[in-house]
Amino acid sequence: MLKGDLSLRQGDFQLESGTFELETTGITVLFGRSGSGKSTLLRAITGLDKHTHGTLYFNGERWQDGKWRLPTPRRDIGFVFQDAALFPHLSVRGNLEYAVRRAPSGGASLNELAERVGIAHKLDQSVTTLSGGEKQRVAIARALLSRPRLLCMDEPLSALDWRAKGELLPLIEELARETGVPILYITHAPIEVERLAARVVFMAAGRIERIETLREALERPDSPLFDEEGPVSVLEGRLGVPNEHGLCAFGEEGERLWLAPPTHSTDGRPQRLRILARDVSLALDDPSRISILNHLPVSIERIEPVKEGRVTVATRTAGGQLLLAEITPWSLARLDLVPGRLVYALIKSVALME
Amino acid sequence: MIELFGISVSTQPIWLTFKVAVTTTVILLLVGTPLAWWLAHMRSSFKIVLEALVALPLVLPPTVLGFYLLIAMNPNGALTQFLRLFGFEGQLTFSFTGLVIGSVFYSLPFAVQPLMHAFEALPMRLLDAAATLRAGVLDRFFTVVVPLARRGILVAMTLTFAHTVGEFGVVLMVGGNVPEVTRMVSIAIFDHVESLEYAEAHLLSGMMLLFSVAVLMLVYGINRRFAVKVG
């Protein structure tokens with residue numbers, strides 16, 4: 001539990017977080033446009049900026065009280081910077097040892113963690129020879145080796161290409177689960193939020209606007225998580241084994257989808273499926289002579305006002321999950337769609353978030 | 001006395017110069033480092049004033065600096081009185097202590113400027129990273145700042161040492177020309193020329209010339225060697 005009220009002035013920018021209380025289990029994402037104060041808030045929480053004032057308590061422990069602050073080295077936090085911030089005068093091993101030497105004993109060894117993040121073969125190289133993705137892996141291993149009670153990540157993927165992003169996202173997700181370390185994760189990419197977040201802290205103009213679970217955040221029609229791709233739904237479910245056509249069943253009976261098998265093992269853990277509302281069509285009957293495989297019986301919950309010639313229809317699956325469909329006002333009128341009506345959602349394309 | 005090429009000169013000024021230069025370098029490293037750090041991270045517009053004050057010895061005639069120091073260090077002056085509180089006896093002017101104080105002021109920019117530039121070039125994120133890895137202030141200084149700023153530190157030490165060896169005006173004003181006590185090499189050369197002892201002046205001047213070339217080569221060597229590795 002992280003609670004407090006922090007302010008920090010940086011140049012012309014003023015952070016006034018307002019009172020907040022934050023569950024810190026799992027991954028908490030700080031989300032907002034650039035300049036909304038995400039990084040400043042994280043600096044205030046970590047105690048890296050001496051001009052911070054206000055109050056902050058972590059699990060009842062006093063971290064900030066007025067101008068007094070517990071020095072960063074004594075807060076037991078890990079930090080992964082956008083550009084990794086590895087020590088250029090040390091090798092990969094030297095960077096990791098820097099953390100180990102100052103950390104309480106116990107936990108995964110340097111070699112185990114290096115193996116886990118996939119940099120075991122680079123240990124004796126200079127960090128200047130690493131690619132962006134490799135640097136970030138070292139930075140993550142270094143932060144975890146210091147055995148933090150809270151891990152902060154400031155846009156750790158934003159400087160990487162799509163391939164490295166695709167590899168690191170699952171790694172971060174798995175490490176969060178394996179280590180159980182609560183994570184504060186900054187991003188401005190909705191796709192990372194939808195993939196990782198247990199809860200989202202929305203920030204704008206230096207303030208915390210609201211703190212919601214990911215589910216709550218996606219239920220709002222004007223959710224800041226909806227970008228140029230339009231509204232998005234995230235379905236959760238477990239993945240079955242591939243059938244004779246090479247497709248895997250996803251989710252329980254009644255809201256079952258078929259999708260291509262993932263590239264890495266999911267070990268039966270719940271997975272998230274990201275579905276764009278514009279890829280979802282609605283039908284009054286279940287069409288059988290159609291190439292679209294995924295038909296879900298859903299009930300219409302509400303219909304949003306027309307916006308830019310499109311209507312977003314919010315529906316519930318049999319399992320109570322929210323599924324958004326984007327259709328034209330004409331279709332809405334033609335099918336006579338009203339809240340409470342049972343319809344079929346036809347989902348044109350689905351893919352696991354990998 | 002040493003004899004080279006059949007010319008004999010007193011070694012005393014050489015030895016004294018060396019002692020003053022070493023002492024000055026050590027003091028400026030201790031005083032200049034925090035000062036340079038403070039200046040490098042100062043956001044206030046007052047920084048310009050302080051930078052100008054630090055750079056003053058670069059443009060001021062050494063006699064002007066020496067004159068003010070002479071006034072400040074006179075036996076009834078504030079500085080001497082202040083030091084007396086700590087059991088200081090004797091006088092500052094025309095003494096080894098006075099020479100060192102004069103040199104510290106005179107060589108200040110040569111220590112502070114390279115250090116300041118090295119500290120300014122240091123990515124602060126690396127210090128933040130070290131802090132989150134539980135490194136305290138001194139730990140961060142010795143494990144991150146010193147290794148990454150070593151080029152600046154080496155340049156500062158070399159330039160301070162060399163510049164102190166080469167000073168003349170301040171030393172003459174503050175130290176005078178007391179044989180065995182405050183007569184440094186540059187003053188010894190002046191003396192020899194005054195007395196038309198050109199052979200001795202040649203020998204000492206030649207030594208200074210060689211020394212200066214060697215020091216400058218060292219500085220440029222440091223700059224080149226570490227530029228690739230750190231930059």
# chains A, B, ... in the order shown; residues from 1 in each chain; ligands from 1
>>> select_by_dssp(residues="range 2-219 of chain B", states="strand (DSSP E or B)", output="NGL selection string")
:B and (2-4 or 7-9)
>>> residues_around(residues="range 158-164 of chain B", least_positions_apart="3", cutoff="9 Å", atoms="only C-alpha atoms", output="PDB file with N, CA and C atoms, in the first residue's frame")
ATOM      1  N   THR B  17      59.799  24.576  -5.236  1.00  0.00           N
ATOM      2  CA  THR B  17      58.735  24.656  -6.236  1.00  0.00           C
ATOM      3  C   THR B  17      57.907  23.372  -6.235  1.00  0.00           C
ATOM      4  N   PHE B  18      58.627  22.252  -6.187  1.00  0.00           N
ATOM      5  CA  PHE B  18      57.964  20.959  -6.186  1.00  0.00           C
ATOM      6  C   PHE B  18      57.040  20.821  -4.964  1.00  0.00           C
ATOM      7  N   VAL B  20      55.688  23.202  -3.083  1.00  0.00           N
ATOM      8  CA  VAL B  20      54.540  24.113  -3.170  1.00  0.00           C
ATOM      9  C   VAL B  20      53.497  23.548  -4.148  1.00  0.00           C
ATOM     10  N   ALA B  21      53.985  23.025  -5.279  1.00  0.00           N
ATOM     11  CA  ALA B  21      53.062  22.528  -6.304  1.00  0.00           C
ATOM     12  C   ALA B  21      52.284  21.315  -5.805  1.00  0.00           C
ATOM     13  N   VAL B  22      52.975  20.399  -5.125  1.00  0.00           N
ATOM     14  CA  VAL B  22      52.294  19.201  -4.614  1.00  0.00           C
ATOM     15  C   VAL B  22      51.242  19.601  -3.574  1.00  0.00           C
ATOM     16  N   THR B  24      49.757  22.472  -3.148  1.00  0.00           N
ATOM     17  CA  THR B  24      48.652  23.195  -3.782  1.00  0.00           C
ATOM     18  C   THR B  24      47.705  22.235  -4.492  1.00  0.00           C
ATOM     19  N   THR B  25      48.281  21.255  -5.199  1.00  0.00           N
ATOM     20  CA  THR B  25      47.441  20.297  -5.934  1.00  0.00           C
ATOM     21  C   THR B  25      46.544  19.518  -4.979  1.00  0.00           C
ATOM     22  N   LEU B  28      43.841  21.846  -3.604  1.00  0.00           N
ATOM     23  CA  LEU B  28      42.827  22.210  -4.599  1.00  0.00           C
ATOM     24  C   LEU B  28      41.948  21.036  -4.992  1.00  0.00           C
ATOM     25  N   SER B 103      49.197  30.339  -4.157  1.00  0.00           N
ATOM     26  CA  SER B 103      49.102  29.408  -5.282  1.00  0.00           C
ATOM     27  C   SER B 103      47.712  28.814  -5.399  1.00  0.00           C
ATOM     28  N   VAL B 104      47.088  28.543  -4.253  1.00  0.00           N
ATOM     29  CA  VAL B 104      45.738  27.960  -4.274  1.00  0.00           C
ATOM     30  C   VAL B 104      44.790  28.909  -4.988  1.00  0.00           C
ATOM     31  N   TYR B 106      45.641  31.362  -7.074  1.00  0.00           N
ATOM     32  CA  TYR B 106      46.101  31.589  -8.430  1.00  0.00           C
ATOM     33  C   TYR B 106      45.744  30.411  -9.352  1.00  0.00           C
ATOM     34  N   SER B 107      45.800  29.179  -8.838  1.00  0.00           N
ATOM     35  CA  SER B 107      45.566  27.999  -9.678  1.00  0.00           C
ATOM     36  C   SER B 107      44.132  27.479  -9.590  1.00  0.00           C
ATOM     37  N   LEU B 108      43.289  28.167  -8.822  1.00  0.00           N
ATOM     38  CA  LEU B 108      41.907  27.712  -8.628  1.00  0.00           C
ATOM     39  C   LEU B 108      41.180  27.360  -9.935  1.00  0.00           C
ATOM     40  N   PRO B 109      41.188  28.242 -10.945  1.00  0.00           N
ATOM     41  CA  PRO B 109      40.441  27.895 -12.162  1.00  0.00           C
ATOM     42  C   PRO B 109      40.970  26.651 -12.853  1.00  0.00           C
ATOM     43  N   PHE B 110      42.262  26.394 -12.706  1.00  0.00           N
ATOM     44  CA  PHE B 110      42.846  25.241 -13.400  1.00  0.00           C
ATOM     45  C   PHE B 110      42.403  23.924 -12.767  1.00  0.00           C
ATOM     46  N   ALA B 111      41.980  23.987 -11.510  1.00  0.00           N
ATOM     47  CA  ALA B 111      41.444  22.789 -10.875  1.00  0.00           C
ATOM     48  C   ALA B 111      39.934  22.728 -11.077  1.00  0.00           C
ATOM     49  N   ILE B 153      39.497  14.754 -13.543  1.00  0.00           N
ATOM     50  CA  ILE B 153      40.272  14.821 -12.304  1.00  0.00           C
ATOM     51  C   ILE B 153      41.771  14.820 -12.616  1.00  0.00           C
ATOM     52  N   LEU B 154      42.173  13.959 -13.551  1.00  0.00           N
ATOM     53  CA  LEU B 154      43.596  13.893 -13.917  1.00  0.00           C
ATOM     54  C   LEU B 154      44.053  15.185 -14.578  1.00  0.00           C
ATOM     55  N   VAL B 155      43.209  15.727 -15.455  1.00  0.00           N
ATOM     56  CA  VAL B 155      43.561  16.986 -16.122  1.00  0.00           C
ATOM     57  C   VAL B 155      43.673  18.099 -15.079  1.00  0.00           C
ATOM     58  N   GLU B 167      54.179  29.746 -11.815  1.00  0.00           N
ATOM     59  CA  GLU B 167      53.730  31.064 -11.393  1.00  0.00           C
ATOM     60  C   GLU B 167      54.916  31.971 -11.016  1.00  0.00           C
ATOM     61  N   PHE B 168      54.670  33.260 -11.148  1.00  0.00           N
ATOM     62  CA  PHE B 168      55.764  34.209 -10.884  1.00  0.00           C
ATOM     63  C   PHE B 168      55.267  35.420 -10.098  1.00  0.00           C
ATOM     64  N   PHE B 211      59.846  20.531 -18.957  1.00  0.00           N
ATOM     65  CA  PHE B 211      58.804  20.123 -18.022  1.00  0.00           C
ATOM     66  C   PHE B 211      57.420  20.506 -18.568  1.00  0.00           C
ATOM     67  N   SER B 212      57.297  21.737 -19.078  1.00  0.00           N
ATOM     68  CA  SER B 212      55.997  22.218 -19.552  1.00  0.00           C
ATOM     69  C   SER B 212      55.497  21.420 -20.745  1.00  0.00           C
ATOM     70  N   VAL B 215      54.280  18.096 -19.542  1.00  0.00           N
ATOM     71  CA  VAL B 215      52.982  18.168 -18.859  1.00  0.00           C
ATOM     72  C   VAL B 215      51.850  18.325 -19.863  1.00  0.00           C
ATOM     73  N   LEU B 216      52.046  19.219 -20.849  1.00  0.00           N
ATOM     74  CA  LEU B 216      50.980  19.436 -21.826  1.00  0.00           C
ATOM     75  C   LEU B 216      50.721  18.184 -22.641  1.00  0.00           C
ATOM     76  N   LEU B 218      51.121  15.216 -21.576  1.00  0.00           N
ATOM     77  CA  LEU B 218      50.398  14.334 -20.663  1.00  0.00           C
ATOM     78  C   LEU B 218      48.906  14.676 -20.660  1.00  0.00           C
ATOM     79  N   VAL B 219      48.601  15.988 -20.556  1.00  0.00           N
ATOM     80  CA  VAL B 219      47.200  16.417 -20.523  1.00  0.00           C
ATOM     81  C   VAL B 219      46.464  15.998 -21.801  1.00  0.00           C
TER      82      VAL B 219
END
>>> residues_around(residues="range 281-298 of chain A", least_positions_apart="6", cutoff="12 Å", atoms="only C-alpha atoms", output="MDAnalysis selection string")
chainID A and resid 247:260 275 311:328 331:332 334:351
>>> residues_around(residues="Glu16 in chain A", least_positions_apart="2", cutoff="9 Å", atoms="only C-alpha atoms", output="count of residues only")
12
>>> interface_residues(of="chain B", to="chain A", cutoff="12 Å", atoms="only C-alpha atoms", output="PyMOL selection string")
chain B and resi 43-44+122-140+143-150+226+228-231
>>> write_last_selection(atoms="N, CA and C atoms", output="CSV table (one decimal), in the first residue's frame")
chain,number,residue,atom,x,y,z
B,43,ARG,N,21.6,25.8,-10.3
B,43,ARG,CA,20.6,26.3,-11.2
B,43,ARG,C,20.4,27.8,-11.2
B,44,SER,N,20.8,28.4,-10.1
B,44,SER,CA,20.6,29.8,-9.9
B,44,SER,C,21.4,30.7,-10.8
B,122,LEU,N,28.5,14.4,-16.6
B,122,LEU,CA,28.1,13.1,-16.0
B,122,LEU,C,26.6,12.9,-16.0
B,123,PRO,N,26.1,11.9,-16.6
B,123,PRO,CA,24.6,11.7,-16.6
B,123,PRO,C,24.1,11.5,-15.2
B,124,MET,N,23.2,12.4,-14.7
B,124,MET,CA,22.7,12.3,-13.4
B,124,MET,C,21.9,11.0,-13.1
B,125,ARG,N,21.4,10.5,-14.2
B,125,ARG,CA,20.6,9.2,-14.1
B,125,ARG,C,21.4,8.1,-13.5
B,126,LEU,N,22.7,8.1,-13.8
B,126,LEU,CA,23.6,7.1,-13.3
B,126,LEU,C,23.7,7.2,-11.8
B,127,LEU,N,23.7,8.4,-11.3
B,127,LEU,CA,23.8,8.6,-9.8
B,127,LEU,C,22.4,8.1,-9.2
B,128,ASP,N,21.3,8.5,-9.9
B,128,ASP,CA,20.0,8.0,-9.5
B,128,ASP,C,20.0,6.5,-9.4
B,129,ALA,N,20.5,5.9,-10.5
B,129,ALA,CA,20.5,4.4,-10.6
B,129,ALA,C,21.2,3.9,-9.4
B,130,ALA,N,22.4,4.5,-9.1
B,130,ALA,CA,23.2,4.0,-8.0
B,130,ALA,C,22.5,4.1,-6.6
B,131,ALA,N,21.7,5.3,-6.5
B,131,ALA,CA,21.0,5.5,-5.3
B,131,ALA,C,19.9,4.4,-5.1
B,132,THR,N,19.3,4.1,-6.2
B,132,THR,CA,18.2,3.0,-6.1
B,132,THR,C,18.8,1.7,-5.8
B,133,LEU,N,20.1,1.5,-6.1
B,133,LEU,CA,20.8,0.3,-5.8
B,133,LEU,C,21.4,0.3,-4.4
B,134,ARG,N,21.0,1.2,-3.6
B,134,ARG,CA,21.4,1.4,-2.2
B,134,ARG,C,22.8,2.0,-1.9
B,135,ALA,N,23.3,2.7,-2.9
B,135,ALA,CA,24.6,3.3,-2.7
B,135,ALA,C,24.4,4.7,-2.1
B,136,GLY,N,25.0,4.9,-0.9
B,136,GLY,CA,24.9,6.2,-0.3
B,136,GLY,C,25.8,7.3,-1.0
B,137,VAL,N,25.8,8.5,-0.4
B,137,VAL,CA,26.5,9.6,-1.1
B,137,VAL,C,27.9,9.3,-1.4
B,138,LEU,N,28.7,8.9,-0.4
B,138,LEU,CA,30.1,8.7,-0.6
B,138,LEU,C,30.4,7.5,-1.5
B,139,ASP,N,29.6,6.5,-1.3
B,139,ASP,CA,29.6,5.3,-2.2
B,139,ASP,C,29.4,5.7,-3.6
B,140,ARG,N,28.4,6.5,-3.9
B,140,ARG,CA,28.1,7.0,-5.3
B,140,ARG,C,29.3,7.8,-5.8
B,143,THR,N,32.3,5.3,-6.5
B,143,THR,CA,32.1,4.2,-7.4
B,143,THR,C,31.5,4.6,-8.8
B,144,VAL,N,30.9,5.8,-8.8
B,144,VAL,CA,30.3,6.3,-10.1
B,144,VAL,C,31.0,7.6,-10.5
B,145,VAL,N,31.0,8.6,-9.7
B,145,VAL,CA,31.6,9.9,-10.1
B,145,VAL,C,33.1,9.8,-10.4
B,146,VAL,N,33.9,9.3,-9.5
B,146,VAL,CA,35.3,9.3,-9.7
B,146,VAL,C,35.7,8.5,-11.0
B,147,PRO,N,35.2,7.2,-11.2
B,147,PRO,CA,35.6,6.5,-12.4
B,147,PRO,C,35.1,7.2,-13.7
B,148,LEU,N,34.0,7.9,-13.6
B,148,LEU,CA,33.5,8.5,-14.9
B,148,LEU,C,34.1,9.9,-15.1
B,149,ALA,N,34.5,10.5,-14.0
B,149,ALA,CA,35.1,11.9,-14.2
B,149,ALA,C,36.6,11.8,-14.1
B,150,ARG,N,37.2,10.6,-14.2
B,150,ARG,CA,38.7,10.5,-13.9
B,150,ARG,C,39.5,11.4,-14.9
B,226,PHE,N,41.0,8.8,-22.6
B,226,PHE,CA,39.8,8.5,-21.9
B,226,PHE,C,38.6,9.0,-22.8
B,228,VAL,N,37.8,8.2,-25.7
B,228,VAL,CA,37.2,7.1,-26.4
B,228,VAL,C,36.4,6.2,-25.4
B,229,LYS,N,37.1,5.9,-24.3
B,229,LYS,CA,36.6,4.9,-23.4
B,229,LYS,C,35.3,5.4,-22.7
B,230,VAL,N,35.3,6.6,-22.2
B,230,VAL,CA,34.2,7.1,-21.4
B,230,VAL,C,33.2,7.8,-22.2
B,231,GLY,N,33.6,8.7,-23.1
B,231,GLY,CA,32.7,9.5,-23.9
B,231,GLY,C,31.7,8.6,-24.7
>>> residues_around(residues="Lys165 in chain A", least_positions_apart="2", cutoff="12 Å", atoms="only C-alpha atoms", output="PDB file with N, CA and C atoms, in the first residue's frame")
ATOM      1  N   GLY A 132      19.797  -2.242 -27.482  1.00  0.00           N
ATOM      2  CA  GLY A 132      18.842  -1.605 -26.567  1.00  0.00           C
ATOM      3  C   GLY A 132      18.087  -2.611 -25.718  1.00  0.00           C
ATOM      4  N   GLY A 133      17.618  -3.678 -26.367  1.00  0.00           N
ATOM      5  CA  GLY A 133      16.858  -4.694 -25.649  1.00  0.00           C
ATOM      6  C   GLY A 133      17.713  -5.395 -24.597  1.00  0.00           C
ATOM      7  N   GLU A 134      18.966  -5.683 -24.962  1.00  0.00           N
ATOM      8  CA  GLU A 134      19.871  -6.351 -24.011  1.00  0.00           C
ATOM      9  C   GLU A 134      20.169  -5.454 -22.825  1.00  0.00           C
ATOM     10  N   GLN A 136      18.268  -3.226 -21.565  1.00  0.00           N
ATOM     11  CA  GLN A 136      17.097  -3.189 -20.694  1.00  0.00           C
ATOM     12  C   GLN A 136      16.987  -4.488 -19.885  1.00  0.00           C
ATOM     13  N   ARG A 137      17.388  -5.612 -20.484  1.00  0.00           N
ATOM     14  CA  ARG A 137      17.390  -6.873 -19.734  1.00  0.00           C
ATOM     15  C   ARG A 137      18.368  -6.798 -18.567  1.00  0.00           C
ATOM     16  N   GLU A 155       8.913   3.933 -18.449  1.00  0.00           N
ATOM     17  CA  GLU A 155       8.863   3.675 -19.896  1.00  0.00           C
ATOM     18  C   GLU A 155      10.004   2.769 -20.347  1.00  0.00           C
ATOM     19  N   PRO A 156      10.100   1.579 -19.773  1.00  0.00           N
ATOM     20  CA  PRO A 156      11.269   0.741 -20.078  1.00  0.00           C
ATOM     21  C   PRO A 156      11.318   0.263 -21.525  1.00  0.00           C
ATOM     22  N   LEU A 157      10.187   0.322 -22.242  1.00  0.00           N
ATOM     23  CA  LEU A 157      10.177  -0.217 -23.601  1.00  0.00           C
ATOM     24  C   LEU A 157      10.147   0.855 -24.675  1.00  0.00           C
ATOM     25  N   SER A 158       9.979   2.122 -24.279  1.00  0.00           N
ATOM     26  CA  SER A 158       9.677   3.126 -25.296  1.00  0.00           C
ATOM     27  C   SER A 158      10.838   3.383 -26.242  1.00  0.00           C
ATOM     28  N   ALA A 159      12.069   3.045 -25.820  1.00  0.00           N
ATOM     29  CA  ALA A 159      13.201   3.315 -26.711  1.00  0.00           C
ATOM     30  C   ALA A 159      13.543   2.102 -27.574  1.00  0.00           C
ATOM     31  N   LEU A 160      12.718   1.042 -27.486  1.00  0.00           N
ATOM     32  CA  LEU A 160      13.077  -0.203 -28.173  1.00  0.00           C
ATOM     33  C   LEU A 160      12.260  -0.402 -29.447  1.00  0.00           C
ATOM     34  N   ASP A 161      12.781  -1.243 -30.362  1.00  0.00           N
ATOM     35  CA  ASP A 161      12.024  -1.549 -31.574  1.00  0.00           C
ATOM     36  C   ASP A 161      10.937  -2.570 -31.244  1.00  0.00           C
ATOM     37  N   TRP A 162      10.022  -2.801 -32.188  1.00  0.00           N
ATOM     38  CA  TRP A 162       8.843  -3.620 -31.887  1.00  0.00           C
ATOM     39  C   TRP A 162       9.221  -5.041 -31.519  1.00  0.00           C
ATOM     40  N   ARG A 163      10.305  -5.548 -32.096  1.00  0.00           N
ATOM     41  CA  ARG A 163      10.681  -6.926 -31.814  1.00  0.00           C
ATOM     42  C   ARG A 163      11.133  -7.065 -30.349  1.00  0.00           C
ATOM     43  N   GLU A 167       9.459  -9.057 -27.042  1.00  0.00           N
ATOM     44  CA  GLU A 167      10.143 -10.039 -26.205  1.00  0.00           C
ATOM     45  C   GLU A 167      10.135  -9.641 -24.745  1.00  0.00           C
ATOM     46  N   LEU A 168      10.236  -8.332 -24.505  1.00  0.00           N
ATOM     47  CA  LEU A 168      10.377  -7.878 -23.118  1.00  0.00           C
ATOM     48  C   LEU A 168       9.059  -7.799 -22.362  1.00  0.00           C
ATOM     49  N   LEU A 169       7.974  -7.502 -23.074  1.00  0.00           N
ATOM     50  CA  LEU A 169       6.673  -7.411 -22.393  1.00  0.00           C
ATOM     51  C   LEU A 169       6.335  -8.697 -21.636  1.00  0.00           C
ATOM     52  N   PRO A 170       6.380  -9.887 -22.320  1.00  0.00           N
ATOM     53  CA  PRO A 170       6.090 -11.108 -21.572  1.00  0.00           C
ATOM     54  C   PRO A 170       7.090 -11.361 -20.452  1.00  0.00           C
ATOM     55  N   LEU A 171       8.365 -10.982 -20.696  1.00  0.00           N
ATOM     56  CA  LEU A 171       9.380 -11.201 -19.659  1.00  0.00           C
ATOM     57  C   LEU A 171       9.038 -10.410 -18.398  1.00  0.00           C
ATOM     58  N   ILE A 172       8.656  -9.137 -18.589  1.00  0.00           N
ATOM     59  CA  ILE A 172       8.309  -8.300 -17.440  1.00  0.00           C
ATOM     60  C   ILE A 172       7.102  -8.891 -16.709  1.00  0.00           C
ATOM     61  N   ALA A 189       1.701   4.023 -23.699  1.00  0.00           N
ATOM     62  CA  ALA A 189       1.191   3.120 -24.728  1.00  0.00           C
ATOM     63  C   ALA A 189       0.053   2.281 -24.163  1.00  0.00           C
ATOM     64  N   ILE A 191      -1.423  -0.201 -25.253  1.00  0.00           N
ATOM     65  CA  ILE A 191      -1.280  -1.640 -25.436  1.00  0.00           C
ATOM     66  C   ILE A 191      -0.487  -2.262 -24.277  1.00  0.00           C
ATOM     67  N   GLU A 192       0.474  -1.500 -23.732  1.00  0.00           N
ATOM     68  CA  GLU A 192       1.225  -2.011 -22.588  1.00  0.00           C
ATOM     69  C   GLU A 192       0.350  -2.046 -21.341  1.00  0.00           C
ATOM     70  N   MET A 353      -2.205 -11.159 -26.650  1.00  0.00           N
ATOM     71  CA  MET A 353      -1.294 -10.019 -26.504  1.00  0.00           C
ATOM     72  C   MET A 353       0.090 -10.547 -26.222  1.00  0.00           C
ATOM     73  N   GLU A 354       0.889 -10.616 -27.257  1.00  0.00           N
ATOM     74  CA  GLU A 354       2.252 -11.104 -27.050  1.00  0.00           C
ATOM     75  C   GLU A 354       3.242 -10.048 -27.456  1.00  0.00           C
TER      76      GLU A 354
END
>>> select_by_dssp(residues="range 72-206 of chain A", states="alpha helix (DSSP H)", output="NGL selection string")
:A and (92-102 or 110-117 or 132-145 or 162-179 or 190-196)
>>> residues_around(residues="range 49-58 of chain B", least_positions_apart="2", cutoff="10 Å", atoms="only C-alpha atoms", output="number ranges by chain")
B: 35-36, 39-40, 45-47, 60-62, 64-65, 105-113
>>> residues_around(residues="Val92 in chain A", least_positions_apart="5", cutoff="6 Å", atoms="only C-alpha atoms", output="list in words")
Leu123, Gln125 and Val127 of chain A
>>> atom_distance(atom1="CA of Ile27 in chain A", atom2="CA of Gln82 in chain A")
17.2 Å
>>> closest_residue(among="B:Val100, B:Ser195, B:Phe94, B:Leu115", to="Asn177 in chain B", atoms="only C-alpha atoms")
B:Phe94
